[in-house]
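The structure under discussion appears below in the form of C-alpha cells.
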Amino acid sequence: MKTAMAVAAALALTACAGEETPKGPTDITIAGEKVFPESITADAAGNLYVSSMSGTIYRATPGSATAKPWVTADEENGLLTLLGVLADDERGTLWVCSAPPFAGPPSPDAVTSLKALDLATGKLKGNYPLPASDTPISCNDMAIDTDGTVFVTESASGGIYTLAPDAEALRTFAKGPDMAGLDGIAFADDGTLYANNIRSNEMLRVERNEDGSFASLFTLFLTTEVDGPDGLRPVGGNRFLQAEGGAGRVRLLDVDGNFVSVRPIIDGLDSSTGVTRIGNIGYATQGKIRYMIDPELAGQDPGTFVIRAFSLPEGT
C-alpha cells in the first residue's frame with residue numbers, strides 16, 4: 001500500500017511540475033489536393049522536402065505538422081513530374097529529378113533532367129538534362145559521393161549518370177537494358193555504392209574499377225523478398241532504409257558482404273515511395289499510386305496525403 005501511495009504521489013508531483021508524457025512521432029499532412037508525393041529528404045536543419053507528381057515541392061519546417069507548397073513549377077525552373085529529391089547541405093543545393101508526366105500524350109519539349117535548386121530559396125541553380133537517347137529515359141533518384149559527384153539512376157531504359165563537381169553536363173556512367181528499373185541509390189559509409197531495382201525486386205552493389213569507372217552490378221542475397229523497392233537512404237555503416245511501394249512498407253537493410261538482412265520497420269503504408277530520417281524518427285511518403293493507375297479509381301478523390309512518422313529501432 002505504501003508503495004502504491006508513493007508512486008501516486010510521484011506522479012502527482014510530476015504533473016504539478018508541468019512535465020508532459022513523451023509523445024510519439026507525429027505524422028505530417030501535405031497541404032494540397034491530388035498531391036501524389038514521391039520522394040522525401042531532410043536537411044541538416046530538420047526541414048523535410050517532398051517531391052510530387054504535380055511538379056510541386058513541399059516543405060515541412062521543424063516541428064510543423066503540415067508540409068506546405070515551397071517550390072511550384074514555372075517557366076524559369078521547368079519542373080515537370082518530380083521523382084527523387086535529395087538535400088545537399090554542403091553545396092546548399094536541393095537536387096531533384098524532373099521527368100515527363102507518366103500520363104497523357106508525350107510532349108516533345110518535355111526533357112528529363114537533374115535540377116539543382118537553392119536549398120535556402122528554392123531558386124533554380126542548374127539544369128542538367130540526361131544525355132539524349134533513342135529510347136524513353138527518366139531521371140529517378142540520386143546519391144552523392146564524398147567528392148561531391150552526384151550519381152543519378154535512370155529507370156526507364158536503364159542506366160546511371162554522374163555529375164562531377166563544377167561540371168556543366170551529366171556523363172554516362174553505365175547504361176544497358178539490364179539496368180531498366182534502377183530506382184533508389186545510396187552510398188555506404190565505406191564508399192560502396194548500392195542501388196535497388198523496382199522491377200526485378202533486387203538489391204545491387206555497383207562495382208567500380210580502381211579508376212572509379214563502372215565495372216558491373218552484383219545482385220546481393222536477401223534474407224527476405226522485397227516488393228517494389230523504391231527510395232533508399234543510408235543510416236550509417238552498411239545499413240539503409242528502403243521504402244517498398246508494392247508492399248506498402250519500410251524495411252531496414254543491413255548489408256554484410258554479399259548478403260542483406262531485411263528487417264521490418266513499419267507496414268500498412270499506401271504505396272510508400274520514399275523514406276528519410278531526422279534523428280531517431282523516420283518519415284515515409286505514401287504515393288497512393290493506385291489512384292493513378294487503376295481504371296476503377298480514375299477520377300476518384302484520393303483524400304488527404306500524409307507523411308507517416310515512425311520510431312527507428314534503437315541504434316539505427
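In the C-alpha cells, chains take letters A, B, ... by order of appearance, with residues numbered from 1 within each chain and ligands from 1 in the order shown.
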
Please list as a PDB file with C-alpha atoms, in the first residue's frame every residue within 10 Å of segment 182-188 of chain A, counting only C-alpha atoms and excluding residues in the same chain fewer than 5 positions away.
```
ATOM      1  CA  SER A  39      10.471  11.131 -52.747  1.00  0.00           C
ATOM      2  CA  LEU A  83      10.742  11.913 -58.582  1.00  0.00           C
ATOM      3  CA  GLY A  84      13.890  11.705 -56.457  1.00  0.00           C
ATOM      4  CA  CYS A 139      15.689  10.564 -64.157  1.00  0.00           C
ATOM      5  CA  ASN A 140      14.744   8.745 -60.959  1.00  0.00           C
ATOM      6  CA  ASP A 141      16.941   9.249 -57.881  1.00  0.00           C
ATOM      7  CA  MET A 142      20.388  10.316 -56.799  1.00  0.00           C
ATOM      8  CA  ALA A 143      23.233   9.865 -54.298  1.00  0.00           C
ATOM      9  CA  ILE A 144      26.307  11.997 -53.588  1.00  0.00           C
ATOM     10  CA  ASP A 145      29.858  10.638 -53.345  1.00  0.00           C
ATOM     11  CA  THR A 146      32.357  12.044 -50.844  1.00  0.00           C
ATOM     12  CA  PHE A 151      25.174   9.694 -59.174  1.00  0.00           C
ATOM     13  CA  VAL A 152      21.763   9.545 -60.871  1.00  0.00           C
ATOM     14  CA  THR A 153      19.665   6.491 -61.719  1.00  0.00           C
ATOM     15  CA  GLU A 154      17.665   6.313 -64.924  1.00  0.00           C
ATOM     16  CA  SER A 155      14.866   3.792 -64.649  1.00  0.00           C
ATOM     17  CA  ALA A 156      13.035   3.702 -67.983  1.00  0.00           C
ATOM     18  CA  SER A 157      15.754   2.332 -70.278  1.00  0.00           C
ATOM     19  CA  GLY A 158      18.287   1.654 -67.544  1.00  0.00           C
ATOM     20  CA  GLY A 159      21.450   3.486 -66.573  1.00  0.00           C
ATOM     21  CA  ILE A 160      23.461   5.526 -64.101  1.00  0.00           C
ATOM     22  CA  LEU A 193      27.580   2.280 -53.907  1.00  0.00           C
ATOM     23  CA  TYR A 194      24.301   0.357 -53.771  1.00  0.00           C
ATOM     24  CA  ALA A 195      21.094   0.549 -55.788  1.00  0.00           C
ATOM     25  CA  ASN A 196      17.778  -1.255 -55.932  1.00  0.00           C
ATOM     26  CA  ASN A 197      15.632  -2.298 -58.859  1.00  0.00           C
ATOM     27  CA  ILE A 198      11.889  -1.720 -58.605  1.00  0.00           C
ATOM     28  CA  ARG A 199      11.107  -4.118 -61.445  1.00  0.00           C
ATOM     29  CA  SER A 200      13.236  -7.115 -60.505  1.00  0.00           C
ATOM     30  CA  ASN A 201      12.952  -6.569 -56.704  1.00  0.00           C
ATOM     31  CA  GLU A 202      16.710  -6.679 -56.240  1.00  0.00           C
ATOM     32  CA  MET A 203      19.369  -5.019 -54.112  1.00  0.00           C
ATOM     33  CA  LEU A 204      22.552  -4.422 -56.112  1.00  0.00           C
ATOM     34  CA  ARG A 205      26.143  -3.482 -55.404  1.00  0.00           C
ATOM     35  CA  VAL A 206      27.643  -1.170 -58.012  1.00  0.00           C
ATOM     36  CA  GLY A 228       8.660  -2.739 -55.231  1.00  0.00           C
ATOM     37  CA  PRO A 229      11.848  -1.299 -53.680  1.00  0.00           C
ATOM     38  CA  ASP A 230      11.906   2.459 -54.200  1.00  0.00           C
ATOM     39  CA  GLY A 231      13.505   5.164 -52.050  1.00  0.00           C
ATOM     40  CA  LEU A 232      16.833   4.148 -50.457  1.00  0.00           C
ATOM     41  CA  ARG A 233      18.544   6.163 -47.715  1.00  0.00           C
ATOM     42  CA  PRO A 234      21.760   5.427 -45.776  1.00  0.00           C
ATOM     43  CA  VAL A 235      21.547   5.341 -41.977  1.00  0.00           C
ATOM     44  CA  GLY A 236      25.177   4.658 -41.111  1.00  0.00           C
ATOM     45  CA  GLY A 237      27.663   1.878 -41.717  1.00  0.00           C
ATOM     46  CA  ASN A 238      26.309  -0.525 -44.329  1.00  0.00           C
ATOM     47  CA  ARG A 239      22.674  -0.013 -43.344  1.00  0.00           C
ATOM     48  CA  PHE A 240      19.854   1.596 -45.283  1.00  0.00           C
ATOM     49  CA  GLN A 242      14.198   1.229 -48.017  1.00  0.00           C
ATOM     50  CA  ALA A 243      10.639   2.137 -48.980  1.00  0.00           C
ATOM     51  CA  VAL A 255      24.485  -5.368 -45.782  1.00  0.00           C
ATOM     52  CA  THR A 273       7.637   5.620 -52.451  1.00  0.00           C
ATOM     53  CA  GLY A 274      10.204   7.451 -50.324  1.00  0.00           C
TER      54      GLY A 274
END
```

(request) With a distance cut-off of 12 Å and only C-alpha atoms, select the neighbouring residues of Ala132 of chain A, excluding the residue or stretch itself and same-chain residues fewer than 3 positions from it, and output the selection as a PyMOL selection string. (result) chain A and resi 111-113+128-129+135-138+157+169-172

(request) One decimal, Å: what's the distance from atom CA of Ser51 of chain A over to atom CA of Arg290 of chain A, could you say? (result) 17.8 Å

Select from segment 175-301 of chain A everything DSSP, run on the backbone, classes as helix (DSSP H, G or I), then give the selection as a CSV table (one decimal) with N, CA and C atoms, in the first residue's frame.
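Contents of the output file part27.csv:
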```csv
chain,number,residue,atom,x,y,z
A,177,PRO,N,20.0,-2.3,-71.0
A,177,PRO,CA,18.6,-2.8,-70.7
A,177,PRO,C,18.5,-3.6,-69.5
A,178,ASP,N,19.6,-4.2,-69.1
A,178,ASP,CA,19.6,-5.0,-67.8
A,178,ASP,C,19.5,-4.1,-66.6
A,179,MET,N,19.7,-2.8,-66.8
A,179,MET,CA,19.6,-1.8,-65.7
A,179,MET,C,18.2,-1.2,-65.6
A,290,ARG,N,-2.2,3.8,-56.7
A,290,ARG,CA,-3.3,3.1,-57.3
A,290,ARG,C,-4.4,4.0,-57.9
A,291,TYR,N,-4.5,5.2,-57.4
A,291,TYR,CA,-5.4,6.2,-57.9
A,291,TYR,C,-5.0,6.8,-59.2
A,292,MET,N,-3.7,6.5,-59.6
A,292,MET,CA,-3.2,7.0,-60.9
A,292,MET,C,-3.2,5.9,-61.9
A,293,ILE,N,-3.2,4.6,-61.5
A,293,ILE,CA,-3.0,3.5,-62.5
A,293,ILE,C,-4.2,2.6,-62.6
A,295,PRO,N,-7.9,1.8,-63.4
A,295,PRO,CA,-9.0,2.4,-64.1
A,295,PRO,C,-10.3,2.6,-63.2
A,296,GLU,N,-10.5,1.6,-62.3
A,296,GLU,CA,-11.6,1.7,-61.4
A,296,GLU,C,-11.6,2.9,-60.5
A,297,LEU,N,-10.4,3.4,-60.2
A,297,LEU,CA,-10.3,4.5,-59.3
A,297,LEU,C,-10.1,5.9,-60.0
```

What lies within 9 Å of Thr224 of chain A using only C-alpha atoms, ignoring chain neighbours under 2 positions off, as a PDB file with all heavy atoms, in the first residue's frame?
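Listing of out-v7.pdb after writing:
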```pdb
ATOM      1  N   PHE A 221      22.227 -11.147 -51.970  1.00  0.00           N
ATOM      2  CA  PHE A 221      21.296 -12.164 -51.495  1.00  0.00           C
ATOM      3  C   PHE A 221      20.508 -11.613 -50.313  1.00  0.00           C
ATOM      4  O   PHE A 221      21.081 -11.188 -49.313  1.00  0.00           O
ATOM      5  CB  PHE A 221      22.061 -13.424 -51.091  1.00  0.00           C
ATOM      6  CG  PHE A 221      22.876 -14.010 -52.206  1.00  0.00           C
ATOM      7  CD1 PHE A 221      24.228 -13.692 -52.332  1.00  0.00           C
ATOM      8  CD2 PHE A 221      22.290 -14.849 -53.143  1.00  0.00           C
ATOM      9  CE1 PHE A 221      24.987 -14.221 -53.372  1.00  0.00           C
ATOM     10  CE2 PHE A 221      23.042 -15.387 -54.187  1.00  0.00           C
ATOM     11  CZ  PHE A 221      24.389 -15.070 -54.300  1.00  0.00           C
ATOM     12  N   LEU A 222      19.174 -11.604 -50.431  1.00  0.00           N
ATOM     13  CA  LEU A 222      18.295 -11.044 -49.409  1.00  0.00           C
ATOM     14  C   LEU A 222      17.755 -12.132 -48.499  1.00  0.00           C
ATOM     15  O   LEU A 222      17.398 -13.215 -48.963  1.00  0.00           O
ATOM     16  CB  LEU A 222      17.122 -10.313 -50.072  1.00  0.00           C
ATOM     17  CG  LEU A 222      17.474  -9.211 -51.082  1.00  0.00           C
ATOM     18  CD1 LEU A 222      16.226  -8.742 -51.808  1.00  0.00           C
ATOM     19  CD2 LEU A 222      18.165  -8.049 -50.388  1.00  0.00           C
ATOM     20  N   VAL A 226      11.733  -8.654 -51.235  1.00  0.00           N
ATOM     21  CA  VAL A 226      11.225  -7.288 -51.180  1.00  0.00           C
ATOM     22  C   VAL A 226      10.224  -7.110 -52.311  1.00  0.00           C
ATOM     23  O   VAL A 226      10.205  -7.876 -53.274  1.00  0.00           O
ATOM     24  CB  VAL A 226      12.370  -6.257 -51.269  1.00  0.00           C
ATOM     25  CG1 VAL A 226      13.309  -6.398 -50.080  1.00  0.00           C
ATOM     26  CG2 VAL A 226      13.144  -6.408 -52.576  1.00  0.00           C
ATOM     27  N   VAL A 260      22.183  -9.504 -47.437  1.00  0.00           N
ATOM     28  CA  VAL A 260      21.441  -8.373 -46.882  1.00  0.00           C
ATOM     29  C   VAL A 260      20.379  -8.896 -45.927  1.00  0.00           C
ATOM     30  O   VAL A 260      19.490  -9.661 -46.326  1.00  0.00           O
ATOM     31  CB  VAL A 260      20.753  -7.538 -47.991  1.00  0.00           C
ATOM     32  CG1 VAL A 260      20.055  -6.323 -47.374  1.00  0.00           C
ATOM     33  CG2 VAL A 260      21.756  -7.106 -49.041  1.00  0.00           C
ATOM     34  N   SER A 261      20.475  -8.486 -44.672  1.00  0.00           N
ATOM     35  CA  SER A 261      19.439  -8.806 -43.692  1.00  0.00           C
ATOM     36  C   SER A 261      18.330  -7.776 -43.815  1.00  0.00           C
ATOM     37  O   SER A 261      18.590  -6.566 -43.751  1.00  0.00           O
ATOM     38  CB  SER A 261      20.021  -8.787 -42.270  1.00  0.00           C
ATOM     39  OG  SER A 261      19.005  -8.945 -41.309  1.00  0.00           O
ATOM     40  N   VAL A 262      17.105  -8.237 -44.030  1.00  0.00           N
ATOM     41  CA  VAL A 262      15.957  -7.356 -44.225  1.00  0.00           C
ATOM     42  C   VAL A 262      15.106  -7.377 -42.966  1.00  0.00           C
ATOM     43  O   VAL A 262      14.550  -8.411 -42.603  1.00  0.00           O
ATOM     44  CB  VAL A 262      15.125  -7.793 -45.447  1.00  0.00           C
ATOM     45  CG1 VAL A 262      13.954  -6.836 -45.670  1.00  0.00           C
ATOM     46  CG2 VAL A 262      15.994  -7.868 -46.697  1.00  0.00           C
ATOM     47  N   ARG A 263      15.004  -6.235 -42.303  1.00  0.00           N
ATOM     48  CA  ARG A 263      14.314  -6.153 -41.006  1.00  0.00           C
ATOM     49  C   ARG A 263      13.075  -5.276 -41.106  1.00  0.00           C
ATOM     50  O   ARG A 263      13.138  -4.161 -41.619  1.00  0.00           O
ATOM     51  CB  ARG A 263      15.274  -5.578 -39.962  1.00  0.00           C
ATOM     52  CG  ARG A 263      14.693  -5.421 -38.569  1.00  0.00           C
ATOM     53  CD  ARG A 263      15.754  -4.890 -37.635  1.00  0.00           C
ATOM     54  NE  ARG A 263      15.231  -4.592 -36.310  1.00  0.00           N
ATOM     55  CZ  ARG A 263      15.963  -4.069 -35.320  1.00  0.00           C
ATOM     56  NH1 ARG A 263      17.243  -3.810 -35.516  1.00  0.00           N
ATOM     57  NH2 ARG A 263      15.419  -3.831 -34.140  1.00  0.00           N
TER      58      ARG A 263
END
```

(message) I want to know what sits within 7 Å of Leu80 of chain A, based on only C-alpha atoms, with residues of the same chain fewer than 6 positions away left out; could you give that as a VMD selection string?
(response) chain A and resid 55 73 98 to 101

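Residue nearest Ala67 of chain A within the list A:Val275, A:Leu312, A:Val50, A:Ile40: A:Val50 [criterion: smallest interatomic distance, only C-alpha atoms].
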
(message) Excluding Ala44 of chain A and its own-chain neighbours fewer than 4 positions away, which residues fall within 10 Å of it when counting only C-alpha atoms? Please give them as a VMD selection string.
(response) chain A and resid 48 87 to 90 278
